[in-house]
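Colleague: So that you have it, the file is target_36.tsv, and it contains TSV, C-alpha atoms:
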chain	number	residue	atom	x	y	z
A	1	MET	CA	0.00	0.00	0.00
A	2	VAL	CA	2.90	2.31	0.73
A	3	ALA	CA	4.27	1.48	-2.72
A	4	LEU	CA	0.91	2.22	-4.29
A	5	ARG	CA	0.64	5.58	-2.56
A	6	ARG	CA	4.17	6.46	-3.60
A	7	ALA	CA	3.59	5.39	-7.21
A	8	ALA	CA	0.26	7.19	-7.49
A	9	GLY	CA	1.68	10.28	-5.85
A	10	GLU	CA	4.73	10.40	-8.07
A	11	VAL	CA	2.79	9.85	-11.27
A	12	GLY	CA	0.17	12.41	-10.33
A	13	ARG	CA	2.74	14.99	-9.32
A	14	SER	CA	4.80	14.33	-12.43
A	15	VAL	CA	1.83	14.79	-14.76
A	16	ALA	CA	0.73	17.87	-12.84
A	17	VAL	CA	4.13	19.55	-12.99
A	18	HIS	CA	4.64	18.72	-16.65
A	19	THR	CA	1.13	19.90	-17.47
A	20	ARG	CA	1.81	23.24	-15.84
A	21	ALA	CA	4.89	23.49	-18.08
A	22	ARG	CA	3.08	22.44	-21.25
A	23	PRO	CA	3.31	24.54	-24.44
A	24	ALA	CA	1.19	27.69	-24.05
A	25	GLN	CA	-0.87	27.31	-27.23
A	26	PRO	CA	-1.51	23.60	-27.81
A	27	GLN	CA	-4.64	24.27	-29.89
A	28	LEU	CA	-2.69	26.41	-32.35
A	29	HIS	CA	-0.04	23.72	-32.87
A	30	PRO	CA	-1.81	20.39	-32.95
A	31	ASN	CA	1.36	18.45	-33.79
A	32	PRO	CA	3.50	19.64	-30.86
A	33	TRP	CA	0.51	19.00	-28.57
A	34	ASP	CA	0.11	15.50	-30.00
A	35	THR	CA	3.83	14.91	-29.60
A	36	TYR	CA	3.74	16.19	-26.03
A	37	HIS	CA	0.73	14.02	-25.28
A	38	HIS	CA	2.38	10.88	-26.62
A	39	THR	CA	5.82	11.48	-25.10
A	40	VAL	CA	4.95	13.05	-21.74
A	41	ILE	CA	1.35	12.42	-20.72
A	42	GLU	CA	0.63	8.93	-22.04
A	43	PRO	CA	3.73	7.15	-20.63
A	44	ARG	CA	3.00	8.58	-17.15
A	45	ARG	CA	-0.66	7.73	-17.49
A	46	ARG	CA	0.26	4.13	-18.33
A	47	LEU	CA	2.49	3.96	-15.22
A	48	GLY	CA	-0.45	5.13	-13.14
A	49	LEU	CA	-2.86	2.62	-14.68
A	50	ASP	CA	-0.31	-0.18	-14.14
A	51	ALA	CA	-0.12	0.81	-10.45
A	52	VAL	CA	-3.92	0.66	-10.25
A	53	ARG	CA	-3.97	-2.81	-11.84
A	54	ARG	CA	-1.32	-4.06	-9.41
A	55	GLY	CA	-3.33	-2.63	-6.52
A	56	MET	CA	-6.40	-4.53	-7.75
A	57	GLU	CA	-4.42	-7.77	-8.14
A	58	ARG	CA	-3.04	-7.42	-4.62
A	59	GLY	CA	-6.49	-6.76	-3.18
A	60	GLU	CA	-5.60	-3.21	-2.15
A	61	ILE	CA	-8.14	-1.63	-4.53
A	62	ARG	CA	-11.67	-2.79	-5.35
A	63	ASP	CA	-11.55	-4.81	-8.57
A	64	ASP	CA	-15.17	-4.09	-9.54
A	65	LEU	CA	-14.25	-0.67	-10.93
A	66	ASP	CA	-13.05	0.56	-14.30
A	67	VAL	CA	-9.24	0.92	-14.22
A	68	GLU	CA	-9.28	4.21	-16.14
A	69	LEU	CA	-11.91	5.71	-13.83
A	70	VAL	CA	-9.82	4.75	-10.80
A	71	GLY	CA	-6.76	6.34	-12.41
A	72	ASP	CA	-8.70	9.55	-12.99
A	73	LEU	CA	-9.84	9.61	-9.36
A	74	PHE	CA	-6.18	9.69	-8.27
A	75	THR	CA	-4.75	12.13	-10.82
A	76	GLY	CA	-7.76	14.39	-11.57
A	77	PRO	CA	-7.74	16.23	-8.23
A	78	LEU	CA	-4.05	17.12	-8.69
A	79	LEU	CA	-4.43	18.19	-12.30
A	80	ILE	CA	-7.42	20.42	-11.59
A	81	ARG	CA	-5.12	22.59	-9.50
A	82	THR	CA	-2.56	23.06	-12.27
A	83	VAL	CA	-4.81	23.47	-15.28
A	84	ILE	CA	-7.94	25.18	-13.99
A	85	ARG	CA	-6.57	27.04	-10.97
A	86	PRO	CA	-2.97	27.92	-11.87
A	87	GLY	CA	-2.54	29.83	-8.59
A	88	ALA	CA	-3.46	26.81	-6.46
A	89	THR	CA	-0.85	25.17	-4.26
A	90	LEU	CA	0.75	21.77	-4.86
A	91	GLU	CA	2.02	21.43	-1.32
A	92	PRO	CA	4.16	18.48	-0.22
A	93	GLY	CA	1.99	15.56	0.84
A	94	LEU	CA	-0.98	16.64	-1.28
A	95	ALA	CA	-0.75	13.63	-3.63
A	96	GLU	CA	-0.54	11.23	-0.67
A	97	ARG	CA	-3.53	12.95	0.99
A	98	ILE	CA	-5.58	12.56	-2.20
A	99	VAL	CA	-4.68	8.87	-2.51
A	100	ASP	CA	-5.52	8.19	1.14
A	101	THR	CA	-8.84	10.04	0.96
A	102	VAL	CA	-9.94	8.36	-2.28
A	103	LEU	CA	-9.02	4.93	-0.87
A	104	GLU	CA	-10.91	5.59	2.35
A	105	GLY	CA	-13.95	7.28	0.80
A	106	LEU	CA	-15.93	10.29	1.93
A	107	ARG	CA	-18.71	8.61	3.88
A	108	PRO	CA	-18.61	9.32	7.61
A	109	ARG	CA	-17.25	6.42	9.66
A	110	THR	CA	-19.92	5.23	12.03
B	1	MET	CA	-27.75	12.12	-0.82
B	2	VAL	CA	-29.68	12.10	-4.09
B	3	ALA	CA	-29.65	15.91	-4.02
B	4	LEU	CA	-25.91	15.91	-3.34
B	5	ARG	CA	-25.21	13.53	-6.22
B	6	ARG	CA	-27.34	15.63	-8.54
B	7	ALA	CA	-25.71	18.89	-7.43
B	8	ALA	CA	-22.18	17.53	-7.68
B	9	GLY	CA	-22.92	15.93	-11.02
B	10	GLU	CA	-24.44	19.07	-12.50
B	11	VAL	CA	-21.69	21.34	-11.27
B	12	GLY	CA	-18.96	18.99	-12.44
B	13	ARG	CA	-20.53	18.49	-15.83
B	14	SER	CA	-21.16	22.20	-16.22
B	15	VAL	CA	-17.55	23.10	-15.43
B	16	ALA	CA	-16.32	20.32	-17.71
B	17	VAL	CA	-18.44	21.39	-20.68
B	18	HIS	CA	-17.59	25.06	-20.24
B	19	THR	CA	-13.92	24.25	-19.85
B	20	ARG	CA	-13.94	22.37	-23.13
B	21	ALA	CA	-15.45	25.51	-24.72
B	22	ARG	CA	-12.97	27.89	-23.11
B	23	PRO	CA	-11.04	30.40	-25.22
B	24	ALA	CA	-8.31	28.64	-27.16
B	25	GLN	CA	-5.40	30.85	-26.04
B	26	PRO	CA	-6.03	31.88	-22.43
B	27	GLN	CA	-2.33	32.43	-21.74
B	28	LEU	CA	-2.04	34.96	-24.56
B	29	HIS	CA	-5.01	36.97	-23.28
B	30	PRO	CA	-4.79	37.06	-19.51
B	31	ASN	CA	-7.75	39.40	-19.17
B	32	PRO	CA	-10.32	37.31	-21.06
B	33	TRP	CA	-9.06	34.26	-19.17
B	34	ASP	CA	-9.45	36.11	-15.86
B	35	THR	CA	-12.91	37.23	-16.91
B	36	TYR	CA	-13.85	33.70	-17.91
B	37	HIS	CA	-12.51	32.35	-14.64
B	38	HIS	CA	-14.49	34.82	-12.56
B	39	THR	CA	-17.73	34.59	-14.51
B	40	VAL	CA	-17.84	30.90	-15.46
B	41	ILE	CA	-15.54	28.79	-13.31
B	42	GLU	CA	-15.67	30.46	-9.88
B	43	PRO	CA	-19.48	30.67	-9.52
B	44	ARG	CA	-19.81	26.96	-10.40
B	45	ARG	CA	-16.97	26.09	-8.09
B	46	ARG	CA	-18.70	27.94	-5.25
B	47	LEU	CA	-21.92	25.99	-5.94
B	48	GLY	CA	-19.96	22.76	-5.69
B	49	LEU	CA	-18.24	23.78	-2.45
B	50	ASP	CA	-21.61	24.82	-0.98
B	51	ALA	CA	-22.97	21.37	-1.83
B	52	VAL	CA	-19.97	19.78	-0.09
B	53	ARG	CA	-20.53	21.92	3.04
B	54	ARG	CA	-24.23	20.99	3.13
B	55	GLY	CA	-23.27	17.32	2.79
B	56	MET	CA	-20.90	17.68	5.75
B	57	GLU	CA	-23.57	19.44	7.84
B	58	ARG	CA	-26.07	16.68	7.06
B	59	GLY	CA	-23.60	13.98	7.98
B	60	GLU	CA	-23.44	12.63	4.42
B	61	ILE	CA	-19.75	13.52	3.98
B	62	ARG	CA	-16.91	13.21	6.51
B	63	ASP	CA	-16.41	16.60	8.15
B	64	ASP	CA	-12.74	15.99	9.03
B	65	LEU	CA	-11.64	16.85	5.48
B	66	ASP	CA	-10.73	20.09	3.73
B	67	VAL	CA	-13.79	21.35	1.79
B	68	GLU	CA	-11.71	22.37	-1.24
B	69	LEU	CA	-9.97	19.01	-1.41
B	70	VAL	CA	-13.35	17.24	-1.33
B	71	GLY	CA	-14.60	19.52	-4.09
B	72	ASP	CA	-11.55	18.65	-6.21
B	73	LEU	CA	-12.13	14.92	-5.67
B	74	PHE	CA	-15.59	15.26	-7.25
B	75	THR	CA	-14.77	17.60	-10.15
B	76	GLY	CA	-11.14	16.69	-10.95
B	77	PRO	CA	-11.88	13.29	-12.49
B	78	LEU	CA	-14.40	14.90	-14.88
B	79	LEU	CA	-12.18	17.81	-15.82
B	80	ILE	CA	-9.18	15.59	-16.54
B	81	ARG	CA	-11.17	14.09	-19.41
B	82	THR	CA	-11.92	17.44	-21.02
B	83	VAL	CA	-8.63	19.27	-20.52
B	84	ILE	CA	-5.95	16.57	-20.72
B	85	ARG	CA	-7.70	13.97	-22.86
B	86	PRO	CA	-9.95	15.93	-25.21
B	87	GLY	CA	-11.01	12.76	-27.00
B	88	ALA	CA	-12.27	11.11	-23.81
B	89	THR	CA	-15.96	10.42	-23.34
B	90	LEU	CA	-18.27	12.26	-20.96
B	91	GLU	CA	-20.97	9.61	-21.09
B	92	PRO	CA	-24.32	10.03	-19.28
B	93	GLY	CA	-24.05	8.84	-15.69
B	94	LEU	CA	-20.28	9.44	-15.47
B	95	ALA	CA	-20.59	12.26	-12.93
B	96	GLU	CA	-22.91	10.17	-10.74
B	97	ARG	CA	-20.51	7.21	-10.99
B	98	ILE	CA	-17.60	9.39	-9.86
B	99	VAL	CA	-19.58	10.78	-6.91
B	100	ASP	CA	-20.70	7.31	-5.81
B	101	THR	CA	-17.18	5.86	-6.11
B	102	VAL	CA	-15.51	8.73	-4.24
B	103	LEU	CA	-18.13	8.51	-1.46
B	104	GLU	CA	-17.69	4.75	-1.16
B	105	GLY	CA	-13.90	4.69	-1.46
B	106	LEU	CA	-11.63	2.28	-3.30
B	107	ARG	CA	-10.77	-0.14	-0.53
B	108	PRO	CA	-12.17	-3.63	-1.07
B	109	ARG	CA	-15.22	-4.36	1.06
B	110	THR	CA	-14.49	-7.24	3.36
Just give me the structure of the file as structure tokens.
Modeller:
Amino acid sequence: MVALRRAAGEVGRSVAVHTRARPAQPQLHPNPWDTYHHTVIEPRRRLGLDAVRRGMERGEIRDDLDVELVGDLFTGPLLIRTVIRPGATLEPGLAERIVDTVLEGLRPRT
Amino acid sequence: MVALRRAAGEVGRSVAVHTRARPAQPQLHPNPWDTYHHTVIEPRRRLGLDAVRRGMERGEIRDDLDVELVGDLFTGPLLIRTVIRPGATLEPGLAERIVDTVLEGLRPRT
């Protein structure tokens, strides 16, 4: 589980940081954006999805869920801060906090 | 809980759809991007955060978590599909599926 948190955190942070540094006008230059997507985003995304699959195989993550959806649950909350709210913080420990909260769920513990 | 799911789903979908339709070169025109952020993104974000607070008050969501982080857990997974993977689907029921999964958590049920 520690390995999963570390992997998910690193992949999420890596995608987030690289996304913040992406070319400023991707829509004007479809080829550089495609290139960036294939060389930067997709490899990291695959690492994240592999970590999710391993977590399912090890019984650390529910295996009744779509792998891609689970991946988005881990990385989406980080990316929203870089792409939609550029001023938002990416403080140390944020990725781990997201992973822990998504694993645990938001329902109150009774 | 039904109201919460509907509110979260509508806000998330609304932000996602509007984000897809955002100006193509926000970084080149900081003022239009600021205007867009204040008039389109922020009001919807506030609606989502209000829904999270109501859920916490009603005991439907854990109240030991940061409201903004919880908001990002609901909307991030939708937004990642529109901003980072423009070809990804936003199929009917996706927002509700994200809300249900985040509420329930990813740990296997024993």
Colleague: Quick one: which residues from chain B are at most 6 Å off chain A, using all atoms listed in the file, as a ChimeraX atom specification?
Modeller: /B:25,61-62,72-73,76-77,80,102-108
Colleague: If you measure from atom CA of Tyr36 of chain B to atom CA of Gly48 of chain B, what distance in Å do you get, rounded to one decimal?
Modeller: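 Taking atom CA of Tyr36 of chain B as the start and atom CA of Gly48 of chain B as the end point, the length is 17.5 Å.
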Colleague: What is the atom CA of Asp66 of chain B to atom CA of Val40 of chain B distance in Å?
Modeller: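 Distance between the two atoms: 23.1 Å.
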Colleague: Atom CA of Arg53 of chain B to atom CA of Thr39 of chain B: how many Å, to one decimal?
Modeller: 21.8 Å
